[in-house]
Structure formats: C-alpha cells, structure tokens
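Trainee: So that we are looking at the same thing, I have put the structure below in structure tokens.
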Amino acid sequence: MNPFRAVSRSLRRIDYHSARTERNPWTRAMAWNLLLSLVAGIPGALATDWLVVRSTPIMTISGRLFVDDRGQLDGFALDSPLRMVGWEQARPYGEFSLSVQSMAWGWPSVSHELLASATLSITRFDGAASDGSGRDRAVVASIVERCMRPRAEVDRSLVLSAMNRADDGRARGPLRLGSLLFNALVEWPIIYGAGAAGIWLVWVGAALAQVARTLRRRRLRARGRCPRCGHQVDGNLWSARCPECGEPLY
Ligand SMILES: [Zn+2]
C-alpha cells in the first residue's frame with residue numbers, strides 16, 4: 001500500500017473523529033490551555049533562568065588583616081606558606097573569609113553559568129562594620145595575589161577575576177539558547193498541568209453551583225413559590241408564568 005495514502009487516510013480518520021468530539025466551554029478551555037502553556041514555556045524558562053540558582057563551593061580562603069608599622073592595611077591568608085610579617089608585630093585589624101563558588105542558573109538544565117563567583121566577608125576586630133568593599137576588598141585581592149598557596153595559577157586568576165566581577169553585581173555567563181529551549185519544552189507540560197488543574201477546579205465549582213441552583217428551584221417549587229424569584233404562586237391557577245418575573249411555572 002502506498003505509504004502516503006496510508007498517512008493521509010489515517011489523518012482524515014483522526015479529523016473525522018475529532019470533528020465528532022464534544023465541544024463545550026471546558027474542552028475549548030483545555031485546547032486554549034494546550035496552546036497557551038506552550039507559549040508560556042518560554043517566559044517560564046526565562047523565569048527559572050533568573051530564579052533558580054545553584055551554587056557549588058569551589059574553595060574558601062580565610063586570613064587575617066592587620067595594620068603594619070607604617071600604618072598600611074595588610075594581611076595574609078591562613079593557609080599561605082608566605083607569612084612574611086609576624087602577627088605580633090602589627091596591630092590586629094580583622095579577619096576575612098573569601099568563598100568562591102560556581103553558579104548555575106535555570107531549570108532543569110543550566111541555561112546560564114558562571115565558573116566562579118566570589119563572596120567576601122570581613123569581620124573587623126574593633127566591631128566596626130565592613131561591607132567588604134573598597135579598600136578592604138582591594139587588600140584581600142592583593143593578599144590573594146601574593147599569598148595564596150600556589151596550587152595552580154588558574155585558581156588564583158579565577159579567584160581574582162571572580163572578585164573583580166563581583167564588584168559589578170549581577171555577573172552571569174552567556175545564555176545557552178539550546179538549554180533555554182529545552183527548559184521551555186520541559187516546563188510546557190508542567191504549566192499545562194497547572195492550567196488543567198485550574199480549569200478542573202472552575203469546572204467542579206460550576207457543577208456544584210448548578211447542583212445548588214437546581215436544589216433551590218426544586219425546594220421553592222415544592223413550597224408553592226416561583227423557582228426563580230420566590231414569589232408565592234400557589235393560588236395562581238390560570239397563569240402559566242410567574243406574575244412577578246415571567247418565569248414559566250409548568
Ligand atoms: Zn418569579
């Protein structure tokens with residue numbers, strides 16, 4: 001059999017049956033839900049690209065800060081082999097902890113990535129607040145440059161670039177368009193399911209309201225009242241309609 005004809009025949013059969021499926025507000029709402037959830041997949045993927053952030057710690061560098069005999073702020077990393085100045089010879093200033101992590105945005109697959117992002121916290125011994133910016137940050141950067149254990153040159157430049165990038169705030173890697181589209185496709189059925197649940201709730205509510213309306217009409221009619229406006233129509237033998245609102249009574 002000709003495969004083209006087989007396909008077109010089965011398509012016609014599907015069309016025939018779909019023309020026979022019931023069409024009511026709820027099936028129409030579900031059809032719209034299917035379409036709109038597909039469209040909403042893109043903003044959904046963009047939203048998770050902003051909101052879902054996973055950070056993986058790479059390393060933590062901690063150290064001490066002091067003011068040397070010339071009044072200059074300096075310090076050393078605790079795991080550094082290069083402690084050139086004795087802690088006792090200087091006036092203690094504070095301690096720092098620099099954690100470096102890789103950041104990944106997006107769900108379920110990573111649509112944005114930043115190899116290293118640095119978070120610096122500085123505790124000053126005099127109790128004054130340090131926001132980890134300005135001079136304090138520059139000193140820590142110079143400590144990393146001089147004193148960080150020479151594990152690998154890559155590590156040091158990674159940390160320094162992360163520290164510099166952190167200054168401008170919302171640094172992120174380049175957008176991966178393929179991952180974004182993949183996320184949109186994965187999020188489509190989830191948004192569709194949420195929409196279907198909403199439609200189902202409205203449908204159940206409408207059905208319950210219909211049941212309540214029917215019960216109310218039946219109760220009013222049993223008491224000899226108009227099922228619509230509740231007007232007493234028991235003695236009204238000749239009119240087929242309620243004299244108040246015109247509702248058919250029989
Ligand atoms: Zn009435």
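Letters for chains follow the order of the structure tokens (A, B, ...), residue numbers begin at 1 for each chain, and ligand numbers begin at 1 in the order shown.
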Show me which residues line ligand 1, defined as having an atom within 12 Å of a ligand atom where only C-alpha atoms and all ligand atoms count, and present them as a list in words.

Mentor: Arg217, Leu220, Arg221, Gly224, Arg225, Cys226, Pro227, Arg228, Cys229, Gly230, His231, Gln232, Val233, Asp234, Asn236, Ser239, Ala240, Arg241, Cys242, Pro243, Glu244, Cys245, Gly246, Glu247, Pro248 and Leu249 of chain A

Trainee: Using backbone DSSP assignments, extract all helix (DSSP H, G or I) residues from range 5-238 of chain A; output them as number ranges by chain.

Mentor: A: 5-20, 25-51, 87-89, 134-147, 153-166, 177-222

Trainee: Could you list, as a list in words, every residue within 6 Å of Gly106 in chain A, counting only C-alpha atoms and ignoring same-chain residues fewer than 6 positions away?

Mentor: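 Returned residues: Thr48, Asp49 and Val52 of chain A.
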
Trainee: So the first atom is CA of Leu114 in chain A and the second is CA of Val139 in chain A; what is the distance between them in Å, to one decimal place?

Mentor: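 Calculated distance between CA of Leu114 in chain A and CA of Val139 in chain A is 24.1 Å.
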
Trainee: Which of these residues is nearest to Ser37 in chain A, using only C-alpha atoms: A:Ala222, A:Leu158, A:Leu65, A:Ile190?

Mentor: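 Once distances to Ser37 in chain A are computed over only C-alpha atoms, the minimum belongs to A:Ile190.
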
Trainee: So how many Å separate CA of Leu115 in chain A and CA of Met103 in chain A, to one decimal?

Mentor: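 If I compute the distance from CA of Leu115 in chain A to CA of Met103 in chain A, I get 6.5 Å.
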
Trainee: Here is a test: counting only C-alpha atoms, which residue of A:Gly94, A:Glu113, A:Trp105, A:Thr214 is nearest to Ala129 in chain A?

Mentor: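 The answer is A:Gly94, which sits nearest to Ala129 in chain A.
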
Trainee: Between A:Leu34, A:Ala171, A:Leu78, A:Ala141, which residue has the minimum interatomic distance to Ser102 in chain A, considering only C-alpha atoms?

Mentor: A:Ala171

Trainee: Excluding Ser109 in chain A and its own-chain neighbours fewer than 2 positions away, which residues fall within 8 Å of it when counting only C-alpha atoms? Please give them as a PyMOL selection string.

Mentor: chain A and resi 106-107+111+179-180+182-183

Trainee: Which is closer to Ile199 in chain A than all the others in A:Pro25, A:Pro43, A:Pro57, A:Pro3, using only C-alpha atoms?

Mentor: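 Counting only C-alpha atoms, the residue closest to Ile199 in chain A is A:Pro25.
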
Trainee: Hey, what's within 12 Å of Gly71 in chain A if we count only C-alpha atoms and toss same-chain stuff fewer than 4 positions away? As a PyMOL selection string, please?

Mentor: chain A and resi 66-67+90-93
